[in-house]
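Okay, structure first, notes after.
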Amino acid sequence: MTLRFIGTTSEHGNCPTLYEVVETGDIVVQGDQLTDPEHLGQLRDVGEHETSVVIPRDLLTRFAPKE
């Protein structure tokens with residue numbers, strides 16, 4: 001799998017960041033892991049292999065592919 005950097009709103013190289021999987025066009029998001037039990041309890045259908053990250057709306061509206 002090859003990742004292509006799309007963009008970040010971070011000023012110092014930390015997360016959050018968006019990447020594209022070159023081979024598939026899928027999007028990978030990097031962000032702070034959601035750990036609050038109350039918030040995690042509100043998520044639905046989370047598989048054992050999945051995790052949740054917090055992504056600022058600004059990152060998505062500025063860099064997410066429009067297609």
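In the structure tokens, the first chain shown is A, the next is B, and so on; residue numbers restart at 1 for each chain, and ligands run from 1 in the order shown.
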Can you list, as a PDB file with all heavy atoms, in the first residue's frame, all residues belonging to chain A that DSSP tags as helix (DSSP H, G or I)?
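Listing of result.pdb after writing:
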```pdb
ATOM      1  N   PRO A  37     -14.913   7.063  27.221  1.00  0.00           N
ATOM      2  CA  PRO A  37     -15.880   5.958  27.213  1.00  0.00           C
ATOM      3  C   PRO A  37     -17.297   6.394  26.858  1.00  0.00           C
ATOM      4  O   PRO A  37     -18.018   5.657  26.182  1.00  0.00           O
ATOM      5  CB  PRO A  37     -15.812   5.407  28.638  1.00  0.00           C
ATOM      6  CG  PRO A  37     -14.472   5.801  29.148  1.00  0.00           C
ATOM      7  CD  PRO A  37     -14.179   7.130  28.493  1.00  0.00           C
ATOM      8  N   GLU A  38     -17.713   7.570  27.312  1.00  0.00           N
ATOM      9  CA  GLU A  38     -19.056   8.050  26.995  1.00  0.00           C
ATOM     10  C   GLU A  38     -19.214   8.276  25.489  1.00  0.00           C
ATOM     11  O   GLU A  38     -20.224   7.900  24.898  1.00  0.00           O
ATOM     12  CB  GLU A  38     -19.351   9.345  27.747  1.00  0.00           C
ATOM     13  CG  GLU A  38     -20.758   9.863  27.502  1.00  0.00           C
ATOM     14  CD  GLU A  38     -21.057  11.119  28.300  1.00  0.00           C
ATOM     15  OE1 GLU A  38     -20.397  11.368  29.325  1.00  0.00           O
ATOM     16  OE2 GLU A  38     -21.971  11.845  27.880  1.00  0.00           O
ATOM     17  N   HIS A  39     -18.203   8.882  24.869  1.00  0.00           N
ATOM     18  CA  HIS A  39     -18.251   9.123  23.424  1.00  0.00           C
ATOM     19  C   HIS A  39     -18.155   7.810  22.648  1.00  0.00           C
ATOM     20  O   HIS A  39     -18.875   7.608  21.668  1.00  0.00           O
ATOM     21  CB  HIS A  39     -17.129  10.068  22.999  1.00  0.00           C
ATOM     22  CG  HIS A  39     -17.279  11.431  23.589  1.00  0.00           C
ATOM     23  ND1 HIS A  39     -16.200  12.226  23.865  1.00  0.00           N
ATOM     24  CD2 HIS A  39     -18.379  12.140  23.959  1.00  0.00           C
ATOM     25  CE1 HIS A  39     -16.615  13.367  24.381  1.00  0.00           C
ATOM     26  NE2 HIS A  39     -17.927  13.335  24.453  1.00  0.00           N
ATOM     27  N   LEU A  40     -17.283   6.921  23.084  1.00  0.00           N
ATOM     28  CA  LEU A  40     -17.156   5.623  22.412  1.00  0.00           C
ATOM     29  C   LEU A  40     -18.462   4.840  22.470  1.00  0.00           C
ATOM     30  O   LEU A  40     -18.818   4.130  21.528  1.00  0.00           O
ATOM     31  CB  LEU A  40     -16.022   4.805  23.044  1.00  0.00           C
ATOM     32  CG  LEU A  40     -14.614   5.308  22.759  1.00  0.00           C
ATOM     33  CD1 LEU A  40     -13.606   4.584  23.634  1.00  0.00           C
ATOM     34  CD2 LEU A  40     -14.269   5.167  21.289  1.00  0.00           C
ATOM     35  N   ARG A  57     -13.258  19.493  11.432  1.00  0.00           N
ATOM     36  CA  ARG A  57     -14.039  19.722  10.220  1.00  0.00           C
ATOM     37  C   ARG A  57     -13.225  20.508   9.185  1.00  0.00           C
ATOM     38  O   ARG A  57     -13.302  20.248   7.988  1.00  0.00           O
ATOM     39  CB  ARG A  57     -15.323  20.465  10.555  1.00  0.00           C
ATOM     40  CG  ARG A  57     -16.209  20.721   9.351  1.00  0.00           C
ATOM     41  CD  ARG A  57     -17.502  21.397   9.738  1.00  0.00           C
ATOM     42  NE  ARG A  57     -18.282  20.588  10.658  1.00  0.00           N
ATOM     43  CZ  ARG A  57     -19.149  19.636  10.288  1.00  0.00           C
ATOM     44  NH1 ARG A  57     -19.342  19.393   9.021  1.00  0.00           N
ATOM     45  NH2 ARG A  57     -19.816  18.947  11.190  1.00  0.00           N
ATOM     46  N   ASP A  58     -12.434  21.470   9.635  1.00  0.00           N
ATOM     47  CA  ASP A  58     -11.638  22.286   8.725  1.00  0.00           C
ATOM     48  C   ASP A  58     -10.704  21.446   7.863  1.00  0.00           C
ATOM     49  O   ASP A  58     -10.506  21.729   6.690  1.00  0.00           O
ATOM     50  CB  ASP A  58     -10.846  23.332   9.519  1.00  0.00           C
ATOM     51  CG  ASP A  58     -10.048  24.265   8.631  1.00  0.00           C
ATOM     52  OD1 ASP A  58     -10.627  24.806   7.668  1.00  0.00           O
ATOM     53  OD2 ASP A  58      -8.851  24.442   8.894  1.00  0.00           O
ATOM     54  N   LEU A  59     -10.137  20.395   8.439  1.00  0.00           N
ATOM     55  CA  LEU A  59      -9.242  19.526   7.662  1.00  0.00           C
ATOM     56  C   LEU A  59      -9.996  18.873   6.518  1.00  0.00           C
ATOM     57  O   LEU A  59      -9.532  18.833   5.388  1.00  0.00           O
ATOM     58  CB  LEU A  59      -8.617  18.463   8.568  1.00  0.00           C
ATOM     59  CG  LEU A  59      -7.719  17.443   7.873  1.00  0.00           C
ATOM     60  CD1 LEU A  59      -6.461  18.116   7.318  1.00  0.00           C
ATOM     61  CD2 LEU A  59      -7.349  16.328   8.820  1.00  0.00           C
ATOM     62  N   LEU A  60     -11.191  18.385   6.793  1.00  0.00           N
ATOM     63  CA  LEU A  60     -11.962  17.717   5.758  1.00  0.00           C
ATOM     64  C   LEU A  60     -12.461  18.684   4.686  1.00  0.00           C
ATOM     65  O   LEU A  60     -12.417  18.377   3.493  1.00  0.00           O
ATOM     66  CB  LEU A  60     -13.141  16.982   6.381  1.00  0.00           C
ATOM     67  CG  LEU A  60     -12.780  15.837   7.319  1.00  0.00           C
ATOM     68  CD1 LEU A  60     -14.031  15.234   7.928  1.00  0.00           C
ATOM     69  CD2 LEU A  60     -11.968  14.778   6.611  1.00  0.00           C
ATOM     70  N   THR A  61     -12.927  19.843   5.089  1.00  0.00           N
ATOM     71  CA  THR A  61     -13.457  20.780   4.100  1.00  0.00           C
ATOM     72  C   THR A  61     -12.358  21.386   3.238  1.00  0.00           C
ATOM     73  O   THR A  61     -12.598  21.736   2.088  1.00  0.00           O
ATOM     74  CB  THR A  61     -14.282  21.902   4.762  1.00  0.00           C
ATOM     75  OG1 THR A  61     -13.467  22.607   5.692  1.00  0.00           O
ATOM     76  CG2 THR A  61     -15.504  21.342   5.457  1.00  0.00           C
ATOM     77  N   ARG A  62     -11.157  21.472   3.767  1.00  0.00           N
ATOM     78  CA  ARG A  62     -10.050  22.044   2.996  1.00  0.00           C
ATOM     79  C   ARG A  62      -9.380  21.027   2.078  1.00  0.00           C
ATOM     80  O   ARG A  62      -8.955  21.376   0.977  1.00  0.00           O
ATOM     81  CB  ARG A  62      -8.982  22.613   3.934  1.00  0.00           C
ATOM     82  CG  ARG A  62      -9.415  23.916   4.575  1.00  0.00           C
ATOM     83  CD  ARG A  62      -8.432  24.429   5.568  1.00  0.00           C
ATOM     84  NE  ARG A  62      -7.100  24.624   4.987  1.00  0.00           N
ATOM     85  CZ  ARG A  62      -6.029  24.910   5.717  1.00  0.00           C
ATOM     86  NH1 ARG A  62      -6.117  25.012   7.029  1.00  0.00           N
ATOM     87  NH2 ARG A  62      -4.869  25.085   5.124  1.00  0.00           N
ATOM     88  N   PHE A  63      -9.266  19.767   2.517  1.00  0.00           N
ATOM     89  CA  PHE A  63      -8.428  18.825   1.787  1.00  0.00           C
ATOM     90  C   PHE A  63      -9.126  17.568   1.272  1.00  0.00           C
ATOM     91  O   PHE A  63      -8.575  16.879   0.427  1.00  0.00           O
ATOM     92  CB  PHE A  63      -7.245  18.390   2.659  1.00  0.00           C
ATOM     93  CG  PHE A  63      -6.299  19.500   2.982  1.00  0.00           C
ATOM     94  CD1 PHE A  63      -6.274  20.034   4.253  1.00  0.00           C
ATOM     95  CD2 PHE A  63      -5.456  20.028   2.019  1.00  0.00           C
ATOM     96  CE1 PHE A  63      -5.398  21.066   4.577  1.00  0.00           C
ATOM     97  CE2 PHE A  63      -4.593  21.060   2.319  1.00  0.00           C
ATOM     98  CZ  PHE A  63      -4.562  21.581   3.603  1.00  0.00           C
TER      99      PHE A  63
END
```
Check: Which residues come within 8 Å of Leu34 in chain A, counting only C-alpha atoms, excluding same-chain residues fewer than 6 positions away, as a VMD selection string?
Finding: chain A and resid 40 51 to 54
Next item on the list: Could you tell me, as an MDAnalysis selection string, which residues of range 2-36 of chain A DSSP assigns to strand (DSSP E) when given the backbone?
Entry: chainID A and resid 3:8 17:21 27:30 32:33
So which residues touch Cys15 in chain A within 7 Å, counting only C-alpha atoms, skipping near sequence neighbours fewer than 4 positions away, as a PDB file with N, CA, C and O atoms, in the first residue's frame?
```pdb
ATOM      1  N   SER A  10      -2.211  20.951  10.800  1.00  0.00           N
ATOM      2  CA  SER A  10      -1.259  21.027  11.896  1.00  0.00           C
ATOM      3  C   SER A  10      -0.128  21.987  11.543  1.00  0.00           C
ATOM      4  O   SER A  10       0.360  22.008  10.419  1.00  0.00           O
ATOM      5  N   GLN A  30      -5.477  10.488   9.963  1.00  0.00           N
ATOM      6  CA  GLN A  30      -4.626  10.421  11.149  1.00  0.00           C
ATOM      7  C   GLN A  30      -5.113  11.493  12.097  1.00  0.00           C
ATOM      8  O   GLN A  30      -5.277  12.653  11.706  1.00  0.00           O
ATOM      9  N   GLY A  31      -5.396  11.127  13.334  1.00  0.00           N
ATOM     10  CA  GLY A  31      -5.872  12.103  14.303  1.00  0.00           C
ATOM     11  C   GLY A  31      -5.766  11.569  15.714  1.00  0.00           C
ATOM     12  O   GLY A  31      -5.338  10.439  15.933  1.00  0.00           O
TER      13      GLY A  31
END
```
Check: Any idea what's packed within 12 Å of Gly25 in chain A, counting only C-alpha atoms, ignoring anything in its chain fewer than 2 positions away? Could you give it as a PyMOL selection string?
Finding: chain A and resi 1-4+6+19-23+27-28+64-65+67
Go ahead and save the picked residues with N, CA, C and O atoms, as a CSV table (one decimal), in the first residue's frame.
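The resulting part-v1.csv:
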```
chain,number,residue,atom,x,y,z
A,1,MET,N,0.9,-1.2,0.0
A,1,MET,CA,0.0,0.0,0.0
A,1,MET,C,0.9,1.2,0.0
A,1,MET,O,1.8,1.3,0.8
A,2,THR,N,0.6,2.2,-0.9
A,2,THR,CA,1.4,3.4,-1.0
A,2,THR,C,0.5,4.6,-0.6
A,2,THR,O,-0.7,4.7,-1.1
A,3,LEU,N,0.9,5.4,0.4
A,3,LEU,CA,0.1,6.5,0.8
A,3,LEU,C,0.7,7.8,0.2
A,3,LEU,O,1.9,8.0,0.1
A,4,ARG,N,-0.3,8.6,-0.2
A,4,ARG,CA,0.1,10.0,-0.8
A,4,ARG,C,-0.5,11.0,0.2
A,4,ARG,O,-1.6,11.0,0.5
A,6,ILE,N,-2.1,14.2,1.5
A,6,ILE,CA,-3.1,15.1,0.9
A,6,ILE,C,-2.9,16.5,1.6
A,6,ILE,O,-2.8,17.5,1.0
A,19,TYR,N,-4.5,11.3,4.0
A,19,TYR,CA,-3.7,10.6,3.0
A,19,TYR,C,-4.6,9.9,2.1
A,19,TYR,O,-5.7,9.5,2.4
A,20,GLU,N,-4.1,9.6,0.9
A,20,GLU,CA,-4.8,8.8,-0.1
A,20,GLU,C,-4.1,7.5,-0.3
A,20,GLU,O,-2.8,7.5,-0.5
A,21,VAL,N,-4.8,6.4,-0.4
A,21,VAL,CA,-4.1,5.1,-0.8
A,21,VAL,C,-4.1,5.1,-2.3
A,21,VAL,O,-5.1,5.1,-3.0
A,22,VAL,N,-2.9,5.2,-2.8
A,22,VAL,CA,-2.7,5.4,-4.3
A,22,VAL,C,-3.3,4.3,-5.1
A,22,VAL,O,-4.0,4.5,-6.1
A,23,GLU,N,-3.2,3.1,-4.6
A,23,GLU,CA,-3.8,1.9,-5.4
A,23,GLU,C,-5.3,1.9,-5.5
A,23,GLU,O,-5.8,1.3,-6.4
A,27,ILE,N,-9.2,6.9,1.5
A,27,ILE,CA,-8.7,7.9,2.3
A,27,ILE,C,-8.3,7.4,3.7
A,27,ILE,O,-9.1,6.6,4.3
A,28,VAL,N,-7.1,7.7,4.1
A,28,VAL,CA,-6.6,7.4,5.5
A,28,VAL,C,-6.6,8.7,6.3
A,28,VAL,O,-6.1,9.7,5.8
A,64,ALA,N,-10.3,17.2,1.8
A,64,ALA,CA,-10.9,16.0,1.4
A,64,ALA,C,-11.3,16.1,-0.1
A,64,ALA,O,-11.7,17.1,-0.6
A,65,PRO,N,-11.1,15.0,-0.8
A,65,PRO,CA,-11.4,15.0,-2.3
A,65,PRO,C,-12.9,15.3,-2.5
A,65,PRO,O,-13.7,14.8,-1.7
A,67,GLU,N,-14.6,14.4,-5.1
A,67,GLU,CA,-15.2,13.4,-6.0
A,67,GLU,C,-15.6,12.2,-5.2
A,67,GLU,O,-15.0,11.8,-4.2
```
